[in-house]
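Trainee: Input structure: query.cif, which contains mmCIF, C-alpha atoms (C1' of nucleotides).
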```
data_start
loop_
_atom_site.label_atom_id
_atom_site.label_comp_id
_atom_site.auth_asym_id
_atom_site.auth_seq_id
_atom_site.Cartn_x
_atom_site.Cartn_y
_atom_site.Cartn_z
CA MET A 1 91.85 120.94 92.95
CA ASN A 2 90.79 117.53 94.27
CA LEU A 3 91.07 116.56 97.88
CA GLN A 4 93.87 114.18 97.05
CA GLN A 5 95.73 116.98 95.26
CA LYS A 6 95.51 119.09 98.40
CA ILE A 7 96.67 116.20 100.53
CA TYR A 8 99.73 115.62 98.36
CA LYS A 9 100.54 119.31 98.37
CA LYS A 10 100.27 119.51 102.13
CA LEU A 11 102.43 116.47 102.55
CA LEU A 12 105.17 118.12 100.49
CA GLU A 13 105.33 120.84 103.14
CA VAL A 14 106.67 118.34 105.63
CA PRO A 15 110.46 118.81 105.73
CA LYS A 16 112.91 115.91 105.61
CA GLY A 17 113.57 114.57 109.06
CA LYS A 18 110.02 115.37 110.18
CA VAL A 19 106.75 113.46 109.94
CA THR A 20 103.04 114.19 110.22
CA THR A 21 100.02 112.14 111.20
CA TYR A 22 97.02 110.96 109.23
CA GLY A 23 94.74 112.95 111.48
CA GLU A 24 96.75 116.17 111.22
CA LEU A 25 96.96 115.85 107.49
CA ALA A 26 93.24 115.22 107.24
CA LYS A 27 92.40 118.31 109.27
CA ALA A 28 94.93 120.34 107.30
CA VAL A 29 92.88 119.79 104.17
CA GLY A 30 89.53 120.36 105.86
CA LEU A 31 88.50 116.92 107.04
CA LYS A 32 87.53 116.35 110.66
CA ASN A 33 87.58 112.59 110.77
CA GLY A 34 89.18 111.72 107.49
CA GLN A 35 92.12 109.69 108.74
CA ARG A 36 91.14 106.61 106.82
CA THR A 37 90.48 108.71 103.77
CA VAL A 38 94.04 110.02 103.95
CA GLY A 39 95.36 106.51 104.36
CA LYS A 40 93.45 105.32 101.34
CA ILE A 41 94.64 108.27 99.27
CA MET A 42 98.23 107.52 100.28
CA ASN A 43 97.81 103.89 99.36
CA LYS A 44 96.46 104.75 95.95
CA ASN A 45 98.67 107.78 95.40
CA PRO A 46 99.54 108.14 91.69
CA TYR A 47 102.94 109.73 92.36
CA PRO A 48 104.75 107.44 94.82
CA VAL A 49 108.07 108.95 93.75
CA ILE A 50 107.37 112.60 94.53
CA ILE A 51 104.96 111.99 97.37
CA PRO A 52 106.78 111.19 100.65
CA CYS A 53 103.93 109.12 102.02
CA HIS A 54 106.39 107.40 104.35
CA ARG A 55 106.47 110.59 106.42
CA VAL A 56 102.90 110.02 107.54
CA VAL A 57 102.42 108.07 110.76
CA MET A 58 99.65 107.34 113.24
CA SER A 59 98.82 109.80 116.02
CA THR A 60 100.13 107.31 118.56
CA GLY A 61 103.60 107.55 117.06
CA LYS A 62 103.46 104.14 115.47
CA ILE A 63 104.55 103.79 111.88
CA GLY A 64 101.28 102.48 110.59
CA GLY A 65 101.01 100.80 107.23
CA TYR A 66 102.73 101.27 103.91
CA ALA A 67 101.90 100.15 100.38
CA TYR A 68 105.35 98.59 99.89
CA GLY A 69 105.69 97.14 103.39
CA GLU A 70 106.21 98.62 106.81
CA HIS A 71 109.87 97.63 106.90
CA VAL A 72 110.48 99.72 103.76
CA LYS A 73 108.78 102.68 105.37
CA THR A 74 110.84 102.20 108.51
CA LYS A 75 114.07 102.09 106.52
CA MET A 76 113.25 105.25 104.60
CA LEU A 77 112.50 107.13 107.79
CA ASN A 78 115.78 105.93 109.22
CA ASP A 79 117.56 107.30 106.18
CA GLU A 80 116.07 110.69 107.01
CA GLY A 81 117.42 110.56 110.52
CA ILE A 82 114.28 109.38 112.29
CA GLU A 83 114.77 106.61 114.82
CA ILE A 84 112.27 103.76 114.89
CA GLU A 85 111.93 101.37 117.82
CA ASN A 86 109.50 98.46 117.96
CA GLY A 87 107.44 99.85 115.11
CA LYS A 88 107.09 103.31 116.57
CA ILE A 89 108.93 106.59 116.27
CA VAL A 90 111.32 107.49 119.06
CA ASP A 91 110.47 110.90 120.53
CA SER A 92 107.67 111.37 118.02
CA GLU A 93 106.26 114.37 119.85
CA ASN A 94 109.20 116.47 118.69
CA LEU A 95 109.31 115.02 115.21
CA ILE A 96 105.69 115.51 114.21
CA TYR A 97 105.33 118.50 111.92
CA ARG A 98 102.31 120.73 112.63
CA PHE A 99 100.92 122.69 109.70
"C1'" DT B 1 95.95 97.28 127.25
"C1'" DT B 2 93.06 95.52 123.67
"C1'" DG B 3 89.10 95.39 120.76
"C1'" DG B 4 85.53 97.26 118.20
"C1'" DC B 5 83.16 100.45 115.46
"C1'" DG B 6 82.64 105.14 113.65
"C1'" DG B 7 83.41 108.28 109.63
"C1'" DC B 8 84.73 109.62 104.75
"C1'" DA B 9 86.54 110.10 99.98
"C1'" DC B 10 87.48 107.16 96.18
"C1'" DC B 11 86.99 103.04 93.18
"C1'" DC B 12 84.29 99.50 90.84
"C1'" DG B 13 80.33 97.15 89.27
"C1'" DT C 1 74.34 107.94 87.56
"C1'" DC C 2 74.05 105.44 91.95
"C1'" DG C 3 75.13 102.21 95.73
"C1'" DG C 4 78.17 99.47 98.22
"C1'" DG C 5 82.79 98.08 99.52
"C1'" DT C 6 87.44 99.42 100.86
"C1'" DG C 7 91.51 101.31 103.35
"C1'" DC C 8 98.92 103.03 105.41
"C1'" DC C 9 93.31 105.48 111.28
"C1'" DG C 10 91.62 107.15 115.79
"C1'" DC C 11 88.83 107.39 119.67
"C1'" DC C 12 86.04 105.32 123.16
"C1'" DA C 13 84.49 101.46 126.12
#
```
For the file at hand, write its structure as C-alpha coordinates.
Mentor:
Amino acid sequence: MNLQQKIYKKLLEVPKGKVTTYGELAKAVGLKNGQRTVGKIMNKNPYPVIIPCHRVVMSTGKIGGYAYGEHVKTKMLNDEGIEIENGKIVDSENLIYRF
DNA sequence: TTGGCGGCACCCG
DNA sequence: TCGGGTGCCGCCA
(Lines of atoms letter the chains of each structure in order from A and count residues from 1; the text may use other names and numbers.)
(Lines give C-alpha, C1' and ligand atoms only; values in the text may rest on other atoms or scores of the structure.)
Protein backbone atom coordinates (compact mmCIF):
# COMPACT_ATOMS: atom_id res chain seq x y z
CA MET A 1 0.00 0.00 0.00
CA ASN A 2 1.76 3.15 -1.20
CA LEU A 3 1.32 6.50 0.44
CA GLN A 4 -0.61 7.72 -2.57
CA GLN A 5 -2.92 4.71 -2.33
CA LYS A 6 -3.67 5.60 1.28
CA ILE A 7 -4.27 9.21 0.35
CA TYR A 8 -6.75 8.27 -2.36
CA LYS A 9 -8.53 5.90 -0.02
CA LYS A 10 -8.80 8.53 2.68
CA LEU A 11 -10.09 11.06 0.23
CA LEU A 12 -12.89 8.69 -0.76
CA GLU A 13 -14.12 8.86 2.84
CA VAL A 14 -15.03 12.49 2.36
CA PRO A 15 -18.79 12.60 1.68
CA LYS A 16 -20.32 14.67 -1.11
CA GLY A 17 -21.01 18.17 0.04
CA LYS A 18 -17.99 18.14 2.35
CA VAL A 19 -14.32 18.93 1.79
CA THR A 20 -11.00 18.31 3.53
CA THR A 21 -7.70 20.13 3.61
CA TYR A 22 -4.26 19.17 2.34
CA GLY A 23 -2.91 19.31 5.86
CA GLU A 24 -5.66 17.16 7.36
CA LEU A 25 -5.32 14.63 4.61
CA ALA A 26 -1.57 14.53 5.07
CA LYS A 27 -1.86 13.89 8.79
CA ALA A 28 -4.57 11.32 8.18
CA VAL A 29 -2.07 9.17 6.32
CA GLY A 30 0.75 9.74 8.78
CA LEU A 31 2.52 12.81 7.46
CA LYS A 32 3.16 15.78 9.73
CA ASN A 33 4.11 18.37 7.17
CA GLY A 34 3.23 16.66 3.94
CA GLN A 35 0.82 19.21 2.53
CA ARG A 36 2.83 19.75 -0.60
CA THR A 37 3.27 16.02 -0.97
CA VAL A 38 -0.51 15.62 -0.95
CA GLY A 39 -0.87 18.38 -3.50
CA LYS A 40 1.66 16.75 -5.77
CA ILE A 41 -0.02 13.38 -5.42
CA MET A 42 -3.37 14.94 -6.30
CA ASN A 43 -1.87 16.64 -9.31
CA LYS A 44 -0.39 13.43 -10.58
CA ASN A 45 -3.25 11.20 -9.46
CA PRO A 46 -3.72 8.29 -11.92
CA TYR A 47 -7.47 8.04 -11.33
CA PRO A 48 -8.89 11.56 -11.81
CA VAL A 49 -12.34 10.06 -12.41
CA ILE A 50 -12.76 8.15 -9.16
CA ILE A 51 -10.64 10.44 -7.03
CA PRO A 52 -12.57 13.57 -5.93
CA CYS A 53 -9.46 15.70 -5.66
CA HIS A 54 -11.63 18.80 -6.01
CA ARG A 55 -12.83 18.21 -2.45
CA VAL A 56 -9.41 19.09 -1.10
CA VAL A 57 -8.82 22.73 -0.19
CA MET A 58 -6.29 24.80 1.73
CA SER A 59 -6.52 25.14 5.51
CA THR A 60 -7.41 28.81 5.08
CA GLY A 61 -10.59 27.85 3.27
CA LYS A 62 -9.34 28.93 -0.11
CA ILE A 63 -9.84 26.61 -3.03
CA GLY A 64 -6.20 26.22 -3.87
CA GLY A 65 -5.07 24.82 -7.18
CA TYR A 66 -6.42 22.21 -9.53
CA ALA A 67 -4.89 20.27 -12.40
CA TYR A 68 -7.69 21.26 -14.79
CA GLY A 69 -8.07 24.85 -13.59
CA GLU A 70 -9.39 26.44 -10.44
CA HIS A 71 -12.62 27.50 -12.12
CA VAL A 72 -13.38 23.85 -12.91
CA LYS A 73 -12.77 22.91 -9.30
CA THR A 74 -14.99 25.75 -8.15
CA LYS A 75 -17.79 24.64 -10.46
CA MET A 76 -17.62 21.04 -9.29
CA LEU A 77 -17.82 22.09 -5.66
CA ASN A 78 -20.81 24.25 -6.49
CA ASP A 79 -22.49 21.25 -8.05
CA GLU A 80 -22.09 19.47 -4.72
CA GLY A 81 -23.79 22.28 -2.87
CA ILE A 82 -20.69 24.08 -1.64
CA GLU A 83 -20.73 27.85 -2.03
CA ILE A 84 -17.57 29.57 -3.26
CA GLU A 85 -16.97 33.29 -2.89
CA ASN A 86 -13.88 35.11 -4.13
CA GLY A 87 -11.93 31.89 -4.46
CA LYS A 88 -12.72 30.64 -0.99
CA ILE A 89 -15.33 28.40 0.57
CA VAL A 90 -18.20 30.08 2.36
CA ASP A 91 -18.50 28.83 5.95
CA SER A 92 -15.63 26.39 5.41
CA GLU A 93 -15.34 25.62 9.10
CA ASN A 94 -18.56 23.65 8.96
CA LEU A 95 -17.84 22.04 5.62
CA ILE A 96 -14.40 20.64 6.33
CA TYR A 97 -14.58 16.92 7.00
CA ARG A 98 -12.39 15.68 9.88
CA PHE A 99 -11.22 12.08 9.70
C1' DT B 1 -1.79 41.53 5.03
C1' DT B 2 1.89 39.78 2.27
C1' DG B 3 6.07 37.35 1.38
C1' DG B 4 9.29 33.88 2.00
C1' DC B 5 11.03 29.51 3.08
C1' DG B 6 10.49 25.00 5.29
C1' DG B 7 9.40 20.00 4.61
C1' DC B 8 8.38 15.62 1.95
C1' DA B 9 7.12 11.94 -1.39
C1' DC B 10 7.50 11.16 -6.20
C1' DC B 11 9.46 11.64 -10.91
C1' DC B 12 13.29 12.01 -14.15
C1' DG B 13 17.90 12.04 -15.70
C1' DT C 1 20.91 3.05 -7.62
C1' DC C 2 21.31 7.94 -6.38
C1' DG C 3 20.68 12.99 -6.44
C1' DG C 4 18.22 16.94 -7.56
C1' DG C 5 14.02 19.24 -8.98
C1' DT C 6 9.05 19.77 -8.49
C1' DG C 7 4.34 20.74 -6.69
C1' DC C 8 -3.45 21.80 -6.23
C1' DC C 9 0.50 24.00 0.93
C1' DG C 10 1.10 26.07 5.55
C1' DC C 11 3.22 28.53 9.08
C1' DC C 12 6.00 32.24 10.74
C1' DA C 13 8.16 36.86 10.44
Trainee: Would you translate the PyMOL selection byres ((chain A) within 12 of (chain B)) into the concrete set of residues it matches in this file, as a PyMOL selection string?
Mentor: chain A and resi 2-4+7+26+30-45
Trainee: For CA of Thr74 (chain A) and CA of Gly87 (chain A), quote the distance in Å rounded to one decimal.
Mentor: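 Straight-line distance from CA of Thr74 (chain A) to CA of Gly87 (chain A) works out to 7.8 Å.
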Trainee: One number please: CA of Glu93 (chain A) to CA of Val57 (chain A), in Å, one decimal.
Mentor: 11.7 Å
Trainee: Have a look at CA of Val29 (chain A) and CA of His54 (chain A) and let me know their distance in Å, one decimal.
Mentor: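 CA of His54 (chain A) lies 18.3 Å from CA of Val29 (chain A).
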Trainee: Adding 6 Å on each side of the box along x, y and z that holds all listed atoms of chain B, could you give its centre and edge lengths in Å to one decimal, as lines of an AutoDock Vina configuration file?
Mentor:
```
center_x = 88.1
center_y = 102.7
center_z = 108.3
size_x = 27.6
size_y = 26.7
size_z = 50.0
```
Trainee: Give one line per residue of chain C that approaches chain A to at most 7 Å, naming the two atoms of the closest pair and their distance in Å to one decimal, counting all atoms listed in the file; sort by chain then ascending residue number and deliver it as a Markdown table.
Mentor:
```
| residue | atom | partner | partner_atom | distance |
| --- | --- | --- | --- | --- |
| C:DG7 | C1' | A:Lys40 | CA | 4.9 |
| C:DC8 | C1' | A:Gly65 | CA | 3.6 |
| C:DC9 | C1' | A:Gln35 | CA | 5.1 |
```
Trainee: Neighbourhood query: residues within 12 Å of (113.1, 117.7, 105.2), file coordinates, counting only C-alpha atoms (C1' of nucleotides); return as number ranges by chain.
Mentor: A: 11-20, 52, 55, 77, 79-82, 95-97
Trainee: Can region 63-83 of chain A be brought up to N, CA, C and O atoms and written out as a tab-separated table (two decimals), keeping the file's coordinate frame?
Mentor:
```tsv
chain	number	residue	atom	x	y	z
A	63	ILE	N	104.33	103.60	113.31
A	63	ILE	CA	104.55	103.79	111.88
A	63	ILE	C	103.29	103.67	111.06
A	63	ILE	O	103.04	104.45	110.17
A	64	GLY	N	102.50	102.67	111.36
A	64	GLY	CA	101.28	102.48	110.59
A	64	GLY	C	101.60	101.60	109.39
A	64	GLY	O	102.61	100.91	109.38
A	65	GLY	N	100.79	101.65	108.39
A	65	GLY	CA	101.01	100.80	107.23
A	65	GLY	C	101.76	101.49	106.11
A	65	GLY	O	102.11	102.66	106.21
A	66	TYR	N	102.01	100.72	105.06
A	66	TYR	CA	102.73	101.27	103.91
A	66	TYR	C	102.50	100.34	102.72
A	66	TYR	O	102.57	99.12	102.86
A	67	ALA	N	102.20	100.93	101.58
A	67	ALA	CA	101.90	100.15	100.38
A	67	ALA	C	102.99	99.14	100.02
A	67	ALA	O	102.70	98.05	99.54
A	68	TYR	N	104.24	99.49	100.25
A	68	TYR	CA	105.35	98.59	99.89
A	68	TYR	C	105.92	97.84	101.08
A	68	TYR	O	107.00	97.27	101.00
A	69	GLY	N	105.20	97.87	102.22
A	69	GLY	CA	105.69	97.14	103.39
A	69	GLY	C	106.17	98.08	104.48
A	69	GLY	O	106.85	99.05	104.19
A	70	GLU	N	105.81	97.77	105.69
A	70	GLU	CA	106.21	98.62	106.81
A	70	GLU	C	107.71	98.72	106.99
A	70	GLU	O	108.24	99.75	107.39
A	71	HIS	N	108.41	97.61	106.70
A	71	HIS	CA	109.87	97.63	106.90
A	71	HIS	C	110.53	98.63	105.95
A	71	HIS	O	111.53	99.25	106.27
A	72	VAL	N	109.94	98.78	104.75
A	72	VAL	CA	110.48	99.72	103.76
A	72	VAL	C	110.29	101.14	104.29
A	72	VAL	O	111.19	101.97	104.23
A	73	LYS	N	109.10	101.37	104.82
A	73	LYS	CA	108.78	102.68	105.37
A	73	LYS	C	109.73	103.01	106.52
A	73	LYS	O	110.27	104.10	106.60
A	74	THR	N	109.94	102.03	107.37
A	74	THR	CA	110.84	102.20	108.51
A	74	THR	C	112.24	102.56	108.05
A	74	THR	O	112.87	103.47	108.58
A	75	LYS	N	112.72	101.85	107.03
A	75	LYS	CA	114.07	102.09	106.52
A	75	LYS	C	114.21	103.51	105.95
A	75	LYS	O	115.19	104.20	106.21
A	76	MET	N	113.20	103.92	105.19
A	76	MET	CA	113.25	105.25	104.60
A	76	MET	C	113.28	106.34	105.66
A	76	MET	O	113.98	107.33	105.52
A	77	LEU	N	112.52	106.13	106.72
A	77	LEU	CA	112.50	107.13	107.79
A	77	LEU	C	113.86	107.16	108.48
A	77	LEU	O	114.36	108.21	108.85
A	78	ASN	N	114.46	106.00	108.61
A	78	ASN	CA	115.78	105.93	109.22
A	78	ASN	C	116.78	106.71	108.40
A	78	ASN	O	117.65	107.40	108.93
A	79	ASP	N	116.66	106.58	107.09
A	79	ASP	CA	117.56	107.30	106.18
A	79	ASP	C	117.43	108.82	106.32
A	79	ASP	O	118.33	109.56	105.96
A	80	GLU	N	116.27	109.26	106.85
A	80	GLU	CA	116.07	110.69	107.01
A	80	GLU	C	116.44	111.14	108.42
A	80	GLU	O	116.20	112.27	108.81
A	81	GLY	N	116.98	110.21	109.17
A	81	GLY	CA	117.42	110.56	110.52
A	81	GLY	C	116.40	110.34	111.62
A	81	GLY	O	116.57	110.81	112.74
A	82	ILE	N	115.31	109.64	111.29
A	82	ILE	CA	114.28	109.38	112.29
A	82	ILE	C	114.47	107.98	112.86
A	82	ILE	O	114.56	107.01	112.12
A	83	GLU	N	114.56	107.89	114.18
A	83	GLU	CA	114.77	106.61	114.82
A	83	GLU	C	113.46	105.87	115.06
A	83	GLU	O	112.50	106.44	115.56
```
